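K.L.:
Structure incoming, see below.
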Amino acid sequence: MKSGNSNTQRVAVITGGAMGIGGAAAQHLAAAGHRVIIADRDKAAADQTVAALRAQGHQADAVSVDVGLPASIEAAFKQIDTLAGRCDILVNSAGVATVSSFLDFPLAEFERTMNINVTGTLLCSQYAARLMVKHQWGRIINIASVAGLRAVGSGRTAYGTSKGAVIALTRQMAVELAEHGITANAVCPGPVDTPLTQQLHSAQFRQEYSKAIPMERYGNVDEIAAVVQFLASEPASYITGIAMPVDGGFFASGARGL
């Protein structure tokens with residue numbers, strides 16, 4: 001893969017890339033010929049993902065990062081610069097979610113969620129974009145959620161708000177970075193089978209959520225990663241500032257069963 005006018009292989013950094021949507025995105029981007037760097041708080045899991053990618057013949061590395069800590073993000077991108085000397089693609093997939101009623105939602109948990117999901121995305125994007133500007137080419141892809149486009153049941157005061165903020169941040173980045181050949185887009189998954197949803201979604205919630213989706217099922221991580229791969233590609237060069245639902249029709253749907 002070429003980057004700008006360079007013959008150098010493109011480098012894709014995926015936060016939260018050890019598993020789930022981030023792990024699938026790493027697999028798809030590696031299969032597309034990119035060198036991938038898995039940036040994850042769980043370094044052991046990141047190392048396992050890297051080992052699996054290398055076993056398939058891909059170029060991959062792992063770095064430790066906690067996107068809730070600015071100093072950790074700074075250190076991670078210094079390491080990325082040392083390892084690869086560039087960052088052409090950034091996938092902001094790291095995030096957290098807590099479910100609690102609006103009236104009782106803990107302030108500390110709201111602040112933690114906003115710090116990781118929004119501020120972490122901001123800082124990672126700033127560091128990555130500074131490396132992208134050097135080559136006047138880049139792709140920033142933020143994993144948001146349909147919960148940032150519409151309310152999804154009860155209890156998602158922090159998560160939905162944070163993902164709505166990520167979408168707004170994505171649009172701002174798209175406007176300001178366009179002159180540097182950098183696109184910024186948000187992917188908004190509906191419910192997807194990941195370790196996080198398996199932990200948060202009860203059997204009853206899954207059943208009711210599936211009924212609200214025209215396709216009547218949860219998505220899988222590869223269906224999200226395929227969109228990430230496209231938005232990172234050269235053919236997507238004129239797409240920027242969008243929030244793309246990948247949700248089986250959930251966002252488009254109104255009252256079902258009428």
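By convention in this document, the chains of the structure tokens carry letters A, B, ... by their order, each chain's residues are numbered from 1, and ligands are numbered from 1 in the order they are shown.
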From the DSSP assignment of the backbone, select every residue of segment 77-113 of chain A that is helix (DSSP H, G or I), and format the answer as a ChimeraX atom specification.

P.N.:
/A:77-84,102-104,107-113

K.L.:
Using the selection just defined, write its residues with N, CA and C atoms as a PDB file, in the first residue's frame.

P.N.:
ATOM      1  N   PHE A  77       2.097   7.073  21.423  1.00  0.00           N
ATOM      2  CA  PHE A  77       2.358   7.617  20.087  1.00  0.00           C
ATOM      3  C   PHE A  77       3.840   7.920  19.875  1.00  0.00           C
ATOM      4  N   LYS A  78       4.567   8.194  20.938  1.00  0.00           N
ATOM      5  CA  LYS A  78       6.018   8.296  20.805  1.00  0.00           C
ATOM      6  C   LYS A  78       6.597   6.936  20.405  1.00  0.00           C
ATOM      7  N   GLN A  79       6.062   5.885  21.015  1.00  0.00           N
ATOM      8  CA  GLN A  79       6.518   4.538  20.676  1.00  0.00           C
ATOM      9  C   GLN A  79       6.135   4.179  19.244  1.00  0.00           C
ATOM     10  N   ILE A  80       4.931   4.560  18.832  1.00  0.00           N
ATOM     11  CA  ILE A  80       4.490   4.309  17.458  1.00  0.00           C
ATOM     12  C   ILE A  80       5.405   5.028  16.469  1.00  0.00           C
ATOM     13  N   ASP A  81       5.762   6.264  16.787  1.00  0.00           N
ATOM     14  CA  ASP A  81       6.658   7.024  15.912  1.00  0.00           C
ATOM     15  C   ASP A  81       8.023   6.345  15.821  1.00  0.00           C
ATOM     16  N   THR A  82       8.485   5.810  16.952  1.00  0.00           N
ATOM     17  CA  THR A  82       9.771   5.101  16.958  1.00  0.00           C
ATOM     18  C   THR A  82       9.688   3.796  16.173  1.00  0.00           C
ATOM     19  N   LEU A  83       8.596   3.056  16.363  1.00  0.00           N
ATOM     20  CA  LEU A  83       8.422   1.767  15.695  1.00  0.00           C
ATOM     21  C   LEU A  83       8.261   1.900  14.184  1.00  0.00           C
ATOM     22  N   ALA A  84       7.404   2.843  13.776  1.00  0.00           N
ATOM     23  CA  ALA A  84       6.999   2.897  12.370  1.00  0.00           C
ATOM     24  C   ALA A  84       7.333   4.210  11.678  1.00  0.00           C
ATOM     25  N   PHE A 102     -30.982   7.126  34.674  1.00  0.00           N
ATOM     26  CA  PHE A 102     -30.620   8.542  34.566  1.00  0.00           C
ATOM     27  C   PHE A 102     -30.660   9.231  35.923  1.00  0.00           C
ATOM     28  N   LEU A 103     -31.707   8.981  36.710  1.00  0.00           N
ATOM     29  CA  LEU A 103     -31.858   9.684  37.982  1.00  0.00           C
ATOM     30  C   LEU A 103     -30.745   9.360  38.965  1.00  0.00           C
ATOM     31  N   ASP A 104     -30.159   8.207  38.814  1.00  0.00           N
ATOM     32  CA  ASP A 104     -29.135   7.774  39.769  1.00  0.00           C
ATOM     33  C   ASP A 104     -27.761   7.601  39.133  1.00  0.00           C
ATOM     34  N   LEU A 107     -21.992  10.531  38.982  1.00  0.00           N
ATOM     35  CA  LEU A 107     -21.208  11.560  38.300  1.00  0.00           C
ATOM     36  C   LEU A 107     -19.816  11.043  37.960  1.00  0.00           C
ATOM     37  N   ALA A 108     -19.213  10.328  38.870  1.00  0.00           N
ATOM     38  CA  ALA A 108     -17.855   9.829  38.621  1.00  0.00           C
ATOM     39  C   ALA A 108     -17.831   8.904  37.403  1.00  0.00           C
ATOM     40  N   GLU A 109     -18.870   8.095  37.242  1.00  0.00           N
ATOM     41  CA  GLU A 109     -18.912   7.180  36.104  1.00  0.00           C
ATOM     42  C   GLU A 109     -19.186   7.926  34.809  1.00  0.00           C
ATOM     43  N   PHE A 110     -20.011   8.976  34.877  1.00  0.00           N
ATOM     44  CA  PHE A 110     -20.244   9.820  33.704  1.00  0.00           C
ATOM     45  C   PHE A 110     -18.935  10.470  33.256  1.00  0.00           C
ATOM     46  N   GLU A 111     -18.197  11.027  34.202  1.00  0.00           N
ATOM     47  CA  GLU A 111     -16.933  11.691  33.867  1.00  0.00           C
ATOM     48  C   GLU A 111     -15.911  10.702  33.324  1.00  0.00           C
ATOM     49  N   ARG A 112     -15.863   9.498  33.904  1.00  0.00           N
ATOM     50  CA  ARG A 112     -14.926   8.475  33.411  1.00  0.00           C
ATOM     51  C   ARG A 112     -15.250   8.088  31.976  1.00  0.00           C
ATOM     52  N   THR A 113     -16.526   7.896  31.684  1.00  0.00           N
ATOM     53  CA  THR A 113     -16.940   7.499  30.340  1.00  0.00           C
ATOM     54  C   THR A 113     -16.611   8.594  29.325  1.00  0.00           C
TER      55      THR A 113
END

K.L.:
Write out as JSON, numbers by chain each polymer residue whose atoms come within 10 Å of Asp66 of chain A, counting only C-alpha atoms; drop sequence neighbours fewer than 3 positions from it.

P.N.:
{"A": [15, 16, 39, 40, 41, 42, 69, 70, 71, 72, 73, 76, 94, 116, 120]}

K.L.:
Output N, CA and C atoms of each residue in that selection to a file, as a PDB file, in the first residue's frame.

P.N.:
ATOM      1  N   THR A  15      -6.806   1.529  18.366  1.00  0.00           N
ATOM      2  CA  THR A  15      -6.936   1.506  19.821  1.00  0.00           C
ATOM      3  C   THR A  15      -8.025   0.492  20.180  1.00  0.00           C
ATOM      4  N   GLY A  16      -7.842  -0.175  21.301  1.00  0.00           N
ATOM      5  CA  GLY A  16      -8.774  -1.234  21.645  1.00  0.00           C
ATOM      6  C   GLY A  16      -8.747  -2.355  20.625  1.00  0.00           C
ATOM      7  N   ALA A  39      -2.994  -1.004  19.728  1.00  0.00           N
ATOM      8  CA  ALA A  39      -2.792  -0.169  20.914  1.00  0.00           C
ATOM      9  C   ALA A  39      -3.904  -0.487  21.904  1.00  0.00           C
ATOM     10  N   ASP A  40      -3.546  -1.122  23.003  1.00  0.00           N
ATOM     11  CA  ASP A  40      -4.575  -1.609  23.919  1.00  0.00           C
ATOM     12  C   ASP A  40      -4.063  -1.554  25.345  1.00  0.00           C
ATOM     13  N   ARG A  41      -4.990  -1.380  26.271  1.00  0.00           N
ATOM     14  CA  ARG A  41      -4.622  -1.386  27.691  1.00  0.00           C
ATOM     15  C   ARG A  41      -4.201  -2.785  28.143  1.00  0.00           C
ATOM     16  N   ASP A  42      -4.812  -3.795  27.532  1.00  0.00           N
ATOM     17  CA  ASP A  42      -4.492  -5.186  27.847  1.00  0.00           C
ATOM     18  C   ASP A  42      -3.349  -5.626  26.935  1.00  0.00           C
ATOM     19  N   LEU A  69      -5.798   8.088  29.992  1.00  0.00           N
ATOM     20  CA  LEU A  69      -4.679   8.800  30.607  1.00  0.00           C
ATOM     21  C   LEU A  69      -3.889   9.539  29.530  1.00  0.00           C
ATOM     22  N   PRO A  70      -3.911  10.869  29.532  1.00  0.00           N
ATOM     23  CA  PRO A  70      -3.174  11.623  28.510  1.00  0.00           C
ATOM     24  C   PRO A  70      -1.697  11.251  28.418  1.00  0.00           C
ATOM     25  N   ALA A  71      -1.040  11.024  29.550  1.00  0.00           N
ATOM     26  CA  ALA A  71       0.381  10.678  29.519  1.00  0.00           C
ATOM     27  C   ALA A  71       0.607   9.331  28.838  1.00  0.00           C
ATOM     28  N   SER A  72      -0.318   8.400  29.020  1.00  0.00           N
ATOM     29  CA  SER A  72      -0.204   7.090  28.379  1.00  0.00           C
ATOM     30  C   SER A  72      -0.368   7.211  26.871  1.00  0.00           C
ATOM     31  N   ILE A  73      -1.292   8.056  26.439  1.00  0.00           N
ATOM     32  CA  ILE A  73      -1.486   8.281  25.002  1.00  0.00           C
ATOM     33  C   ILE A  73      -0.243   8.904  24.387  1.00  0.00           C
ATOM     34  N   ALA A  76       2.430   6.280  24.107  1.00  0.00           N
ATOM     35  CA  ALA A  76       2.121   5.290  23.077  1.00  0.00           C
ATOM     36  C   ALA A  76       2.451   5.823  21.692  1.00  0.00           C
ATOM     37  N   ALA A  94     -11.246   1.915  21.203  1.00  0.00           N
ATOM     38  CA  ALA A  94     -11.260   1.742  22.657  1.00  0.00           C
ATOM     39  C   ALA A  94     -12.410   2.537  23.268  1.00  0.00           C
ATOM     40  N   ILE A 116     -12.723   8.720  28.715  1.00  0.00           N
ATOM     41  CA  ILE A 116     -12.184   7.646  27.879  1.00  0.00           C
ATOM     42  C   ILE A 116     -12.727   7.731  26.458  1.00  0.00           C
ATOM     43  N   GLY A 120     -10.258  10.724  25.144  1.00  0.00           N
ATOM     44  CA  GLY A 120      -9.297   9.771  24.605  1.00  0.00           C
ATOM     45  C   GLY A 120      -9.282   9.774  23.088  1.00  0.00           C
TER      46      GLY A 120
END

K.L.:
May I have the residues within 9 Å of Ser101 of chain A as a PDB file with C-alpha atoms, in the first residue's frame, using only C-alpha atoms and disregarding those fewer than 5 positions away in the same chain?

P.N.:
ATOM      1  CA  SER A 154     -32.647   3.125  29.443  1.00  0.00           C
ATOM      2  CA  GLY A 155     -29.420   3.419  31.353  1.00  0.00           C
ATOM      3  CA  ARG A 156     -27.130   4.801  28.656  1.00  0.00           C
ATOM      4  CA  THR A 157     -26.834   8.375  29.893  1.00  0.00           C
TER       5      THR A 157
END

K.L.:
Mind checking DSSP for segment 64-227 of chain A and telling me the strand (DSSP E or B) residues as a ChimeraX atom specification?

P.N.:
/A:64,89-92,100,138-143,156,182-189,192,219

K.L.:
State, in Å with one decimal place, the distance from atom CA of Gly57 of chain A to atom CA of Val36 of chain A.

P.N.:
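Computing the Euclidean distance for atom CA of Gly57 of chain A and atom CA of Val36 of chain A yields 12.1 Å.
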
K.L.:
Would you mind listing what lies within 10 Å of segment 122-139 of chain A as a VMD selection string, with only C-alpha atoms counted and same-chain residues fewer than 5 positions away left out?

P.N.:
chain A and resid 3 to 6 10 to 13 15 67 to 70 73 to 74 76 to 78 80 to 81 85 to 92 115 to 117 166 169 to 170 173 to 174 177 to 185 228 231 to 234 236 to 237 240

K.L.:
Write the selection just made, keeping N, CA and C atoms, as a compact mmCIF listing (two decimals), in the first residue's frame?

P.N.:
# COMPACT_ATOMS: atom_id res chain seq x y z
N SER A 3 1.35 5.46 0.44
CA SER A 3 0.85 6.58 1.24
C SER A 3 1.34 7.88 0.65
N GLY A 4 0.39 8.69 0.15
CA GLY A 4 0.77 9.94 -0.49
C GLY A 4 1.65 9.64 -1.69
N ASN A 5 2.80 10.32 -1.76
CA ASN A 5 3.76 10.09 -2.83
C ASN A 5 4.85 9.09 -2.43
N SER A 6 4.65 8.42 -1.29
CA SER A 6 5.68 7.53 -0.76
C SER A 6 5.43 6.10 -1.19
N ARG A 10 1.56 1.63 4.36
CA ARG A 10 0.75 2.40 5.29
C ARG A 10 0.67 1.70 6.64
N VAL A 11 0.60 2.53 7.67
CA VAL A 11 0.55 2.03 9.05
C VAL A 11 -0.81 2.37 9.64
N ALA A 12 -1.48 1.35 10.16
CA ALA A 12 -2.80 1.52 10.78
C ALA A 12 -2.69 1.27 12.28
N VAL A 13 -3.11 2.23 13.06
CA VAL A 13 -3.12 2.11 14.52
C VAL A 13 -4.56 1.90 14.96
N THR A 15 -6.81 1.53 18.37
CA THR A 15 -6.94 1.51 19.82
C THR A 15 -8.03 0.49 20.18
N VAL A 67 -6.31 4.86 27.08
CA VAL A 67 -6.80 6.09 26.46
C VAL A 67 -7.48 7.02 27.46
N GLY A 68 -7.61 6.59 28.69
CA GLY A 68 -8.13 7.47 29.73
C GLY A 68 -7.06 8.31 30.39
N LEU A 69 -5.80 8.09 29.99
CA LEU A 69 -4.68 8.80 30.61
C LEU A 69 -3.89 9.54 29.53
N PRO A 70 -3.91 10.87 29.53
CA PRO A 70 -3.17 11.62 28.51
C PRO A 70 -1.70 11.25 28.42
N ILE A 73 -1.29 8.06 26.44
CA ILE A 73 -1.49 8.28 25.00
C ILE A 73 -0.24 8.90 24.39
N GLU A 74 0.31 9.90 25.05
CA GLU A 74 1.53 10.55 24.55
C GLU A 74 2.66 9.54 24.42
N ALA A 76 2.43 6.28 24.11
CA ALA A 76 2.12 5.29 23.08
C ALA A 76 2.45 5.82 21.69
N PHE A 77 2.10 7.07 21.42
CA PHE A 77 2.36 7.62 20.09
C PHE A 77 3.84 7.92 19.88
N LYS A 78 4.57 8.19 20.94
CA LYS A 78 6.02 8.30 20.80
C LYS A 78 6.60 6.94 20.40
N ILE A 80 4.93 4.56 18.83
CA ILE A 80 4.49 4.31 17.46
C ILE A 80 5.41 5.03 16.47
N ASP A 81 5.76 6.26 16.79
CA ASP A 81 6.66 7.02 15.91
C ASP A 81 8.02 6.34 15.82
N GLY A 85 7.52 5.27 12.45
CA GLY A 85 7.85 6.56 11.85
C GLY A 85 6.69 7.25 11.19
N ARG A 86 5.48 6.70 11.36
CA ARG A 86 4.31 7.28 10.69
C ARG A 86 3.04 6.66 11.26
N CYS A 87 1.94 7.31 10.99
CA CYS A 87 0.60 6.76 11.25
C CYS A 87 -0.28 7.27 10.13
N ASP A 88 -0.77 6.38 9.30
CA ASP A 88 -1.60 6.76 8.16
C ASP A 88 -3.08 6.55 8.41
N ILE A 89 -3.40 5.57 9.24
CA ILE A 89 -4.79 5.23 9.55
C ILE A 89 -4.91 5.09 11.06
N LEU A 90 -5.92 5.73 11.62
CA LEU A 90 -6.21 5.57 13.05
C LEU A 90 -7.65 5.10 13.20
N VAL A 91 -7.83 4.01 13.93
CA VAL A 91 -9.17 3.54 14.28
C VAL A 91 -9.31 3.69 15.79
N ASN A 92 -10.18 4.59 16.21
CA ASN A 92 -10.44 4.80 17.64
C ASN A 92 -11.56 3.85 18.07
N ASN A 115 -14.33 10.88 29.62
CA ASN A 115 -12.88 11.01 29.52
C ASN A 115 -12.29 9.96 28.58
N ILE A 116 -12.72 8.72 28.72
CA ILE A 116 -12.18 7.65 27.88
C ILE A 116 -12.73 7.73 26.46
N ASN A 117 -14.05 7.83 26.33
CA ASN A 117 -14.67 7.74 25.00
C ASN A 117 -14.49 9.00 24.16
N VAL A 166 -18.64 12.04 20.22
CA VAL A 166 -17.66 11.52 19.26
C VAL A 166 -18.08 11.85 17.83
N LEU A 169 -17.38 15.49 17.30
CA LEU A 169 -15.94 15.65 17.20
C LEU A 169 -15.43 15.20 15.83
N THR A 170 -15.99 14.13 15.33
CA THR A 170 -15.60 13.61 14.02
C THR A 170 -15.85 14.65 12.93
N MET A 173 -13.28 17.45 13.17
CA MET A 173 -11.99 17.00 12.63
C MET A 173 -12.03 16.96 11.11
N ALA A 174 -13.14 16.47 10.55
CA ALA A 174 -13.24 16.38 9.09
C ALA A 174 -13.07 17.74 8.44
N LEU A 177 -9.26 19.07 9.07
CA LEU A 177 -8.16 18.26 8.55
C LEU A 177 -8.22 18.03 7.05
N ALA A 178 -9.31 18.44 6.41
CA ALA A 178 -9.48 18.18 4.98
C ALA A 178 -8.35 18.78 4.16
N GLU A 179 -7.88 19.95 4.53
CA GLU A 179 -6.82 20.61 3.76
C GLU A 179 -5.51 19.84 3.79
N HIS A 180 -5.40 18.90 4.74
CA HIS A 180 -4.18 18.10 4.85
C HIS A 180 -4.34 16.71 4.22
N GLY A 181 -5.42 16.50 3.49
CA GLY A 181 -5.64 15.21 2.86
C GLY A 181 -6.07 14.13 3.83
N ILE A 182 -6.61 14.53 4.97
CA ILE A 182 -7.03 13.60 6.01
C ILE A 182 -8.55 13.58 6.09
N THR A 183 -9.14 12.41 6.04
CA THR A 183 -10.57 12.27 6.24
C THR A 183 -10.84 11.80 7.66
N ALA A 184 -12.03 12.12 8.17
CA ALA A 184 -12.45 11.67 9.49
C ALA A 184 -13.91 11.25 9.41
N ASN A 185 -14.19 10.02 9.77
CA ASN A 185 -15.54 9.49 9.70
C ASN A 185 -15.85 8.67 10.94
N VAL A 228 -15.05 -0.22 8.25
CA VAL A 228 -13.81 0.45 8.64
C VAL A 228 -12.77 0.32 7.53
N LEU A 231 -13.61 2.68 4.63
CA LEU A 231 -13.36 4.09 4.94
C LEU A 231 -11.87 4.40 5.02
N ALA A 232 -11.06 3.38 5.27
CA ALA A 232 -9.61 3.57 5.30
C ALA A 232 -8.98 3.48 3.92
N SER A 233 -9.76 3.16 2.92
CA SER A 233 -9.20 2.88 1.59
C SER A 233 -9.10 4.12 0.73
N GLU A 234 -8.36 4.00 -0.37
CA GLU A 234 -8.24 5.09 -1.33
C GLU A 234 -9.58 5.43 -2.00
N ALA A 236 -12.36 5.63 -0.78
CA ALA A 236 -13.20 6.43 0.12
C ALA A 236 -12.67 7.85 0.31
N SER A 237 -11.81 8.30 -0.60
CA SER A 237 -11.10 9.56 -0.41
C SER A 237 -12.00 10.80 -0.38
N THR A 240 -15.98 12.19 3.98
CA THR A 240 -15.47 12.69 5.25
C THR A 240 -16.60 13.39 6.01

K.L.:
Pick out the closest residue to Gln229 of chain A from this set: A:Val96, A:Ile37, A:Ile167, A:Ile141. Count only C-alpha atoms.

P.N.:
A:Ile141
